[in-house]
Amino acid sequence: MPFDIAMIIASVVAAIILLMGVTVVWLIVTNRINLTHLVSEPVAKGDPDGTPKASLSRFQFLIFTFVIAGLYLALSLEAGTLIEVPNGALMLLGISGGSYLASKYSRVGETDPPSPPVQPTPQQRAAAKQAAIELAAEREAAAQQAAARQAAAP
Amino acid sequence: MRDAAWILEWGLLVWLLILAGVVTLRVLSGSIHNVGLISHTDASGRRRIRPERLLLLASSLGYAVYYVATALQTPLDMADPSLPEIPNEVVTAILGTNGAYLSLKLLQTSGRT
């Protein structure tokens with residue numbers, strides 16, 4: 001009985017993960033997930049081109065990730081168990097990840113910053129203040145009328 | 001239980017291969033933007049191929065292909081299964097090409113701003 005429950009749960013988890021994978025691939029193939037700028041960096045402020053430029057460090061990170069993940073899965077299937085990942089492979093992934101981060105950091109401040117929140121003009125501020133004063137006056141008058149009605153009531 | 005794990009592992013491998021195939025095809029066809037991978041636009045707006053970029057691309061791609069070929073050809077040690085070792089010389093070479101690429105990129109960036 002416990003084995004059956006474990007088997008059912010494992011099958012459901014496997015089905016969910018595979019379904020998610022199939023969905024992602026389907027969305028990529030039908031272009032609903034846009035990969036156009038997968039290896040590009042945003043346009044820099046002083047760039048004379050004005051077009052996004054492909055980033056070599058992103059591309060290298062992508063290649064090493066695919067290679068090591070693919071080989072890990074393939075050899076794990078062959079061995080029938082999870083296999084060891086040597087330090088050299090982890091170092092390669094670390095170098096390409098670090099290079100990607102350094103490349104990204106080198107462009108901080110170079111790309112267009114997000115637009116600041118819109119500040120109201122002095123006229124808008126004055127109109128808002130006037131509207132608030134009028135609203136407060138109306139509320140006060142309504143409260144006074146209600147108090148007078150209450151006092152006049154027998 | 002083993003069947004579910006086996007199906008999941010095969011499924012993930014196939015998924016990864018499909019994803020790698022789609023990305024490779026799109027990079028080659030240009031649907032994934034690849035302009036500027038080995039070139040740099042100078043102040044006059046001309047695109048020039050940069051040697052450090054070419055070196056990094058060649059060393060990364062070359063070693064990735066060599067590593068895949070080695071891993072698939074070398075018989076797996078069933079007593080202690082592992083991915084093939086990567087020699088220190090290769091790690092140093094990749095580190096060096098990355099360092100050259102990043103330092104020249106930083107120089108170009110500081111020169112422009």
# chains A, B, ... in the order shown; residues from 1 in each chain; ligands from 1

call {"tool": "closest_atom_pairs", "arguments": {"of": "chain B", "to": "chain A", "cutoff": "6 Å", "atoms": "only C-alpha atoms", "output": "Markdown table"}}
result
| residue | atom | partner | partner_atom | distance |
| --- | --- | --- | --- | --- |
| B:Met1 | CA | A:Met7 | CA | 4.9 |
| B:Ala4 | CA | A:Ser11 | CA | 5.3 |
| B:Leu8 | CA | A:Ala14 | CA | 5.5 |
| B:Ser31 | CA | A:Thr36 | CA | 5.9 |
| B:Ile32 | CA | A:Thr36 | CA | 4.2 |
| B:His33 | CA | A:Thr36 | CA | 5.5 |
| B:Asn34 | CA | A:Ala54 | CA | 5.0 |
| B:Val35 | CA | A:Ala54 | CA | 5.7 |
| B:Gly36 | CA | A:Ala54 | CA | 5.2 |
| B:Leu37 | CA | A:Ala54 | CA | 5.0 |
| B:Gly45 | CA | A:Pro48 | CA | 5.7 |
| B:Pro81 | CA | A:Ile83 | CA | 5.2 |
| B:Ser82 | CA | A:Glu84 | CA | 4.3 |
| B:Leu83 | CA | A:Val85 | CA | 5.6 |
| B:Glu85 | CA | A:Pro86 | CA | 5.8 |
| B:Ile86 | CA | A:Gly88 | CA | 4.9 |

call {"tool": "write_last_selection", "arguments": {"atoms": "N, CA and C atoms", "output": "short mmCIF file (atom, residue, chain, number, x, y, z; two decimals), in the first residue's frame"}}
result
data_model
loop_
_atom_site.label_atom_id
_atom_site.label_comp_id
_atom_site.auth_asym_id
_atom_site.auth_seq_id
_atom_site.Cartn_x
_atom_site.Cartn_y
_atom_site.Cartn_z
N MET B 1 8.08 2.95 -8.92
CA MET B 1 8.77 4.20 -8.59
C MET B 1 9.91 4.46 -9.59
N ALA B 4 8.70 5.76 -12.96
CA ALA B 4 8.37 7.19 -13.00
C ALA B 4 9.65 8.01 -13.11
N LEU B 8 10.70 10.38 -16.22
CA LEU B 8 11.00 11.79 -15.96
C LEU B 8 12.37 12.15 -16.51
N SER B 31 16.66 34.64 -35.82
CA SER B 31 15.45 35.00 -35.07
C SER B 31 15.82 35.40 -33.64
N ILE B 32 16.87 34.76 -33.11
CA ILE B 32 17.43 35.23 -31.84
C ILE B 32 18.54 36.20 -32.24
N HIS B 33 18.40 37.43 -31.79
CA HIS B 33 19.29 38.52 -32.20
C HIS B 33 20.75 38.15 -31.90
N ASN B 34 21.59 38.07 -32.95
CA ASN B 34 22.99 37.67 -32.72
C ASN B 34 23.99 38.67 -33.30
N VAL B 35 23.48 39.84 -33.67
CA VAL B 35 24.39 40.86 -34.24
C VAL B 35 25.22 41.46 -33.10
N GLY B 36 26.52 41.51 -33.31
CA GLY B 36 27.40 42.10 -32.28
C GLY B 36 28.02 41.05 -31.37
N LEU B 37 27.84 39.77 -31.74
CA LEU B 37 28.41 38.71 -30.90
C LEU B 37 29.93 38.76 -30.95
N GLY B 45 30.68 54.54 -35.79
CA GLY B 45 29.52 53.75 -36.19
C GLY B 45 29.87 52.54 -37.03
N PRO B 81 30.37 6.58 -11.11
CA PRO B 81 30.04 7.31 -12.34
C PRO B 81 30.18 8.82 -12.15
N SER B 82 30.76 9.45 -13.15
CA SER B 82 31.01 10.90 -13.05
C SER B 82 31.12 11.50 -14.45
N LEU B 83 30.87 12.80 -14.56
CA LEU B 83 31.14 13.51 -15.81
C LEU B 83 32.66 13.52 -16.00
N GLU B 85 36.48 14.62 -16.21
CA GLU B 85 37.23 15.71 -15.55
C GLU B 85 37.58 16.78 -16.58
N ILE B 86 37.64 18.02 -16.14
CA ILE B 86 38.10 19.10 -17.02
C ILE B 86 39.49 19.51 -16.54
#

call {"tool": "closest_residue", "arguments": {"among": "B:Tyr63, B:Ser110, B:Pro75, B:Thr24", "to": "Glu89 in chain B", "atoms": "only C-alpha atoms"}}
result
B:Tyr63

call {"tool": "select_by_dssp", "arguments": {"residues": "range 4-132 of chain A", "states": "strand (DSSP E or B)", "output": "list in words"}}
result
Ser40, Glu41, Ala44, Lys53, Ala54, Glu84 and Thr111 of chain A

call {"tool": "select_by_dssp", "arguments": {"residues": "range 36-88 of chain B", "states": "helix (DSSP H, G or I)", "output": "list in words"}}
result
Pro51, Glu52, Arg53, Leu54, Leu55, Leu56, Leu57, Ala58, Ser59, Ser60, Leu61, Gly62, Tyr63, Ala64, Val65, Tyr66, Tyr67, Val68, Ala69, Thr70, Ala71, Leu72, Gln73 and Asn88 of chain B

call {"tool": "residues_around", "arguments": {"residues": "Gln108 in chain B", "least_positions_apart": "5", "cutoff": "10 Å", "atoms": "only C-alpha atoms", "output": "JSON list (two decimals) with C-alpha atoms, in the first residue's frame"}}
result
[["chain", "number", "residue", "atom", "x", "y", "z"],
["B", 40, "HIS", "CA", 31.99, 46.06, -31.65],
["B", 42, "ASP", "CA", 33.26, 52.10, -32.73],
["B", 102, "LEU", "CA", 35.79, 41.58, -19.85],
["B", 103, "SER", "CA", 38.76, 43.91, -19.41],
["B", 113, "THR", "CA", 30.86, 57.22, -21.36]]
